[in-house]
>>> print(open('model.txt').read())   # compact mmCIF, C-alpha atoms and all ligand atoms
# COMPACT_ATOMS: atom_id res chain seq x y z
CA MET W 13 5.37 110.38 99.06
CA PRO W 14 4.92 112.48 102.25
CA SER W 15 1.35 112.47 103.51
CA SER W 16 1.23 116.10 104.65
CA LEU W 17 2.41 119.52 103.59
CA TYR W 18 4.66 119.57 106.64
CA GLY W 19 6.27 116.27 105.60
CA TRP W 20 6.67 117.50 102.03
CA LEU W 21 8.35 120.76 103.12
CA LEU W 22 10.70 118.89 105.43
CA GLU W 23 11.66 116.39 102.76
CA LYS W 24 12.08 118.99 100.05
CA TYR W 25 14.02 121.66 101.91
CA CYS W 26 15.65 120.18 104.98
CA MET W 27 16.74 116.57 104.41
CA HIS W 28 20.27 117.65 103.50
CA LEU W 29 20.53 119.03 107.05
CA ARG W 30 19.34 115.94 108.87
CA PRO W 31 22.11 114.37 110.97
CA ALA W 32 22.18 110.60 111.42
CA TYR W 33 22.52 111.16 115.18
CA MET W 34 21.84 114.07 117.53
CA VAL W 35 23.65 113.85 120.85
CA GLY W 36 24.35 116.05 123.87
CA SER W 37 28.13 115.93 123.40
CA ILE W 38 31.00 113.83 122.04
CA LEU W 39 30.84 111.88 125.31
CA ASP W 40 27.56 110.32 124.15
CA ILE W 41 29.06 108.81 121.01
CA ASP W 42 29.55 105.07 121.28
CA PHE W 43 32.02 104.49 118.46
CA ASP W 44 31.73 100.71 118.59
CA ASN W 45 27.99 100.79 118.00
CA LEU W 46 27.97 102.99 114.92
CA PRO W 47 26.70 101.22 111.79
CA ILE W 48 30.17 101.05 110.22
CA PRO W 49 31.96 97.74 109.96
CA GLY W 50 35.68 97.80 110.75
CA PRO W 51 37.87 100.82 111.48
CA ILE W 52 36.25 104.23 111.89
CA TYR W 53 37.79 107.55 110.85
CA ALA W 54 36.41 110.93 111.86
CA ILE W 55 36.38 114.54 110.74
CA ILE W 56 35.69 116.66 113.81
CA ASP W 57 34.84 120.35 114.03
CA ALA W 58 36.81 122.45 116.54
CA ASP W 59 34.80 125.43 117.82
CA GLY W 60 31.80 124.45 119.89
CA THR W 61 32.53 120.73 119.40
CA LEU W 62 35.93 120.09 121.00
CA LEU W 63 36.22 123.39 122.84
CA ARG W 64 34.26 126.58 123.35
CA GLY W 65 33.94 128.73 120.27
CA ASP W 66 35.45 131.88 121.80
CA ARG W 67 38.36 132.95 119.71
CA GLU W 68 40.74 132.99 122.68
CA SER W 69 39.60 129.70 124.19
CA GLU W 70 42.10 126.85 124.04
CA ASP W 71 40.56 124.90 126.84
CA VAL W 72 39.33 121.44 125.83
CA PRO W 73 37.27 119.99 128.68
CA LEU W 74 39.45 117.31 130.24
CA VAL W 75 36.58 114.86 130.11
CA ILE W 76 36.29 115.23 126.30
CA GLU W 77 40.02 114.77 125.86
CA TYR W 78 39.86 111.67 128.03
CA HIS W 79 36.87 110.24 126.13
CA LEU W 80 38.37 110.76 122.68
CA LYS W 81 41.83 109.48 123.53
CA ARG W 82 40.42 106.46 125.29
CA SER W 83 38.12 105.80 122.31
CA GLY W 84 41.16 105.96 120.03
CA LEU W 85 42.77 103.16 122.00
CA GLU W 86 39.82 101.01 122.95
CA THR W 87 37.28 101.30 120.15
CA ARG W 88 37.37 101.13 116.38
CA LEU W 89 38.04 104.87 116.09
CA VAL W 90 41.42 104.84 114.34
CA ARG W 91 42.16 108.53 113.89
CA PHE W 92 40.54 111.87 113.25
CA VAL W 93 41.23 115.18 111.59
CA VAL W 94 40.18 118.54 113.01
CA LEU W 95 38.44 120.56 110.30
CA SER W 96 37.72 124.20 111.08
CA ASN W 97 36.37 127.18 109.19
CA THR W 98 39.02 129.84 109.64
CA ILE W 99 37.63 132.46 107.31
CA VAL W 100 39.44 135.31 109.06
CA ARG W 101 43.04 134.27 108.28
CA ASP W 102 44.38 135.47 111.59
CA PRO W 103 47.60 133.50 112.29
CA ARG W 104 46.63 133.25 115.96
CA ARG W 105 43.41 131.46 115.02
CA ILE W 106 45.27 129.03 112.78
CA THR W 107 47.90 128.38 115.48
CA ARG W 108 45.11 127.78 117.98
CA ILE W 109 43.57 125.06 115.79
CA GLN W 110 46.98 123.51 115.10
CA SER W 111 47.83 123.31 118.79
CA LEU W 112 44.42 121.75 119.41
CA GLY W 113 45.23 119.05 116.85
CA ALA W 114 48.69 118.51 118.33
CA ARG W 115 47.10 117.91 121.71
CA PHE W 116 45.15 114.98 120.24
CA GLY W 117 47.91 113.81 117.91
CA ALA W 118 45.52 114.71 115.06
CA LYS W 119 46.14 116.51 111.79
CA THR W 120 44.24 119.73 111.20
CA TYR W 121 42.88 121.61 108.23
CA CYS W 122 41.77 125.25 108.40
CA CYS W 123 39.35 126.15 105.59
CA ASN W 124 39.73 129.58 104.04
CA ASN W 125 36.77 131.54 102.70
CA ARG W 126 36.74 129.64 99.39
CA GLU W 127 36.90 126.23 101.06
CA ARG W 128 34.62 126.93 104.01
CA LYS W 129 32.16 124.34 105.22
CA PRO W 130 29.63 123.26 103.99
CA ARG W 131 31.58 123.35 100.72
CA PRO W 132 33.10 119.97 99.90
CA ILE W 133 36.73 121.10 99.36
CA GLY W 134 37.64 121.13 103.05
CA TYR W 135 36.13 117.67 103.60
CA LYS W 136 38.07 116.27 100.66
CA LYS W 137 41.31 117.70 102.06
CA ALA W 138 40.47 116.24 105.48
CA LEU W 139 39.82 112.85 103.89
CA GLU W 140 43.24 113.01 102.22
CA LEU W 141 44.84 113.78 105.58
CA LEU W 142 43.12 110.74 107.12
CA GLY W 143 44.97 108.49 104.70
CA PRO W 144 44.08 106.19 101.81
CA GLU W 145 42.08 103.77 103.99
CA ALA W 146 39.54 106.47 104.90
CA THR W 147 36.51 106.66 102.59
CA ALA W 148 33.00 108.10 102.74
CA GLU W 149 31.82 104.67 103.94
CA ASN W 150 34.00 104.48 107.05
CA THR W 151 34.37 108.17 107.95
CA ILE W 152 32.05 110.12 110.21
CA VAL W 153 31.60 113.87 110.57
CA ILE W 154 31.03 115.34 114.04
CA GLY W 155 30.04 118.97 114.49
CA ASP W 156 27.85 121.44 116.33
CA GLN W 157 26.32 123.26 113.36
CA LEU W 158 23.70 122.00 110.93
CA PHE W 159 24.38 124.63 108.29
CA THR W 160 28.10 123.92 108.07
CA ASP W 161 29.25 120.60 109.54
CA ILE W 162 26.18 118.46 108.90
CA TRP W 163 25.22 119.95 105.54
CA GLY W 164 28.77 119.51 104.21
CA GLY W 165 29.13 116.04 105.68
CA ARG W 166 25.86 114.88 104.17
CA SER W 167 26.69 116.32 100.78
CA LEU W 168 29.65 113.92 100.60
CA CYS W 169 27.63 111.02 102.08
CA PHE W 170 29.48 110.77 105.41
CA LEU W 171 27.64 109.54 108.48
CA THR W 172 26.96 112.74 110.43
CA ILE W 173 26.65 113.32 114.17
CA TYR W 174 25.31 116.58 115.55
CA VAL W 175 26.50 117.55 119.03
CA LYS W 176 25.16 120.33 121.22
CA SER W 177 27.54 123.30 121.16
CA LEU W 178 29.90 123.78 124.10
CA GLY W 179 29.07 127.51 123.83
CA GLY W 180 31.02 130.64 122.96
CA ASP W 181 29.31 131.18 119.60
CA HIS W 182 30.63 133.92 117.34
CA LEU W 183 28.28 136.84 116.79
CA TRP W 184 27.45 135.69 113.26
CA THR W 185 26.55 132.20 114.48
CA VAL W 186 23.89 133.36 116.94
CA PRO W 187 21.10 134.09 114.35
CA LYS W 188 21.80 130.75 112.64
CA ARG W 189 21.07 128.99 115.92
CA TRP W 190 17.43 130.11 115.73
CA PHE W 191 16.92 128.43 112.37
CA GLU W 192 18.92 125.45 113.52
CA SER W 193 16.70 124.97 116.56
CA LEU W 194 13.60 125.17 114.36
CA VAL W 195 14.92 122.57 111.91
CA LEU W 196 16.02 120.21 114.71
CA TRP W 197 12.64 120.60 116.36
CA LEU W 198 10.90 119.75 113.09
CA PHE W 199 13.06 116.66 112.62
CA ASP W 200 12.58 115.14 116.03
CA ARG W 201 10.92 117.08 118.84
CA ALA W 202 11.71 114.54 121.55
CA ARG W 203 15.40 114.28 120.70
CA PHE W 204 15.69 118.05 120.24
CA LYS W 205 14.26 118.59 123.72
CA LYS W 206 16.67 116.03 125.11
CA ILE W 207 19.79 117.60 123.61
CA ARG W 208 18.61 121.12 124.42
CA ASN W 209 18.42 120.08 128.06
CA ALA W 210 21.69 118.11 128.00
CA ALA W 211 24.32 119.42 130.37
CA ILE W 212 27.54 120.90 128.99
CA PRO W 213 30.29 118.38 129.85
CA LYS W 214 32.08 119.30 133.03
CA ASN W 215 35.17 117.72 134.43
CA PRO W 216 34.20 115.27 137.14
CA ILE W 217 35.64 115.56 140.62
CA ASN W 218 38.01 112.62 140.18
CA GLU W 219 40.26 114.33 137.66
CA GLU W 220 43.30 112.50 138.97
CA GLY W 221 42.45 109.21 137.25
CA MET W 222 41.88 110.98 133.94
CA ARG W 223 45.15 112.87 134.21
CA SER W 224 47.16 109.74 134.82
CA PHE W 225 45.48 108.08 131.82
CA LEU W 226 46.30 111.08 129.63
CA GLU W 227 49.93 110.93 130.74
CA LEU W 228 49.97 107.25 129.85
CA TRP W 229 48.40 108.09 126.46
CA GLN W 230 51.31 110.40 125.67
CA THR W 231 53.70 107.50 126.10
CA LEU W 232 51.52 105.03 124.17
CA VAL W 233 50.91 107.11 121.07
CA LYS W 234 53.76 107.52 118.66
CA LYS W 235 54.67 111.12 118.11
MG MG K 301 31.52 124.56 115.34
>>> encode(input="model.txt", output="structure tokens")
Amino acid sequence: MPSSLYGWLLEKYCMHLRPAYMVGSILDIDFDNLPIPGPIYAIIDADGTLLRGDRESEDVPLVIEYHLKRSGLETRLVRFVVLSNTIVRDPRRITRIQSLGARFGAKTYCCNNRERKPRPIGYKKALELLGPEATAENTIVIGDQLFTDIWGGRSLCFLTIYVKSLGGDHLWTVPKRWFESLVLWLFDRARFKKIRNAAIPKNPINEEGMRSFLELWQTLVKK
């Protein structure tokens, strides 16, 4: 039983939004130290998580691509699916998400208005795409929005990881960010401050090493 009104309100109205982890970016996720025994599968949001949310942006920061592909080879992360809300069924938006998935060798699922996150339908489809070995016990959800990615992930009992957005929010996302900041602040002020101040991942100067690894990755991963 919470000891204060504040604790009671938090427990009653916000616990479904509480991520298991809050980190500055995907780069801060140590896949081997997550509390999941054996192989790990992931459902990852696209806009704001893997690349900027601007509709035209197709530019995944090289450093994120490097981190995820390396993790796929060297840690227990087996595979992931890109799950995106594509409520406006613009073919260009769908193609953009599909080419993002192709870049990572990952399957993609674009939720229409009826399936949109946080509704569970999209997550169930993503789980199917991950294969029969993926279950709620060994699959994690990574996303930059509490009210879509984390809420939906928690409703199906996935381990959820909140990452700071890479920017480029849509107009309708901006007001949600105010409430999101408030909820994150209520959950954990110290961690909220830390991720608010976290730098947006930038490609380091020595891009050459990363590029040669990514070329090698193309040859290692079966098409
Ligand atoms: Mg997002």
>>> atom_distance(input="model.txt", atom1="CA of Asp71 in chain W", atom2="CA of Leu89 in chain W")
22.9 Å
>>> closest_residue(input="model.txt", among="W:Val186, W:Leu141, W:Leu80, W:Leu232", to="ligand MG 301 (chain K)", atoms="all atoms listed in the file")
W:Val186
>>> residues_around(input="model.txt", residues="range 32-36 of chain W", least_positions_apart="6", cutoff="6 Å", atoms="only C-alpha atoms", output="JSON, numbers by chain")
{"W": [172, 173, 174, 175, 176, 207, 210]}
>>> closest_residue(input="model.txt", among="W:Ile162, W:Cys169, W:Val94, W:Leu226", to="Ala58 in chain W", atoms="all atoms listed in the file")
W:Val94
>>> residues_near_ligand(input="model.txt", ligand="ligand MG 301 (chain K)", cutoff="7 Å", atoms="all atoms listed in the file", output="list of chain:residue names")
W:Asp57, W:Ala58, W:Asp59, W:Gly60, W:Thr61, W:Gly65, W:Gly155, W:Asp156, W:Gln157
>>> closest_residue(input="model.txt", among="W:Asn45, W:Gln230, W:Thr160, W:Ser16", to="Lys81 in chain W", atoms="all atoms listed in the file")
W:Gln230
>>> residues_near_point(input="model.txt", point="(32.8, 106.4, 105.9)", cutoff="10 Å", atoms="all atoms listed in the file", output="list in words")
Pro47, Ile48, Pro49, Pro51, Ile52, Tyr53, Ala54, Leu139, Glu145, Ala146, Thr147, Ala148, Glu149, Asn150, Thr151, Ile152, Val153, Leu168, Cys169, Phe170, Leu171 and Thr172 of chain W
>>> closest_residue(input="model.txt", among="W:Lys214, W:Arg91, W:Lys206, W:Arg105", to="Ala118 in chain W", atoms="only C-alpha atoms")
W:Arg91
>>> atom_distance(input="model.txt", atom1="CA of Val72 in chain W", atom2="CA of Ile109 in chain W")
11.5 Å
